[in-house]
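Remarks on the structure that follows.
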Amino acid sequence: METISKIRAYIIDNFLFGEAGDLKNEDSLLDEGIVDSTGILELVAFLEEQFEIRIEDEEMIPENLDSIDHISEFVKRKSC
């Protein structure tokens, strides 16, 4: 499964209880109220385990983690 699909599936399963609704990959997870600060920590733990990367505290910013698209691009950069 490709990176974006794994991330999308995780968010839908864990934060939207299996109901994707009209979630788009570019939607802000914070602005839409899908993920809160605790959810970001859960998401980071998932990303670190799933993609075998290490996310530093200073990398936990909206530019990296606020949408499925941003997360996917961030993971790709970290995986190189």
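Letters A, B, ... go to the chains of the structure tokens in the order shown; residues in each chain start at 1; ligands are counted from 1 in the same order.
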Find the residues near Glu59 in chain A: any atom within 12 Å, counting only C-alpha atoms, skip ones fewer than 4 places away on the same chain, and give them as an NGL selection string. :A and (40-41 or 44 or 54-55 or 63-66 or 71 or 74-75 or 77-78)
Using DSSP on the backbone, list every residue of range 19-67 of chain A that comes out as alpha helix (DSSP H), and give them as a VMD selection string. chain A and resid 37 to 51 62 to 65
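For Ala45 in chain A, the non-local neighbours within 12 Å, defined as residues at least 5 positions apart in the same chain or in other chains and counting only C-alpha atoms, are A:Tyr10, A:Thr38, A:Gly39, A:Ile40, A:Gln50, A:Phe51, A:Glu52, A:Ile53, A:Arg54, A:Ile55, A:Glu56, A:Met60.
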Between CA of Ala20 in chain A and CA of Cys80 in chain A, what is the distance, to one decimal in Å? 29.8 Å
For Ser79 in chain A, which of A:Ile11, A:Leu47, A:Leu23, A:Val35 is the closest residue, counting only C-alpha atoms? A:Leu47
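From CA of Thr3 in chain A back to CA of Glu73 in chain A, the distance works out to 9.0 Å.
Closest to Ser28 in chain A among A:Leu43, A:Phe15, A:Ile68, A:Ser5 is A:Ile68, based on only C-alpha atoms.
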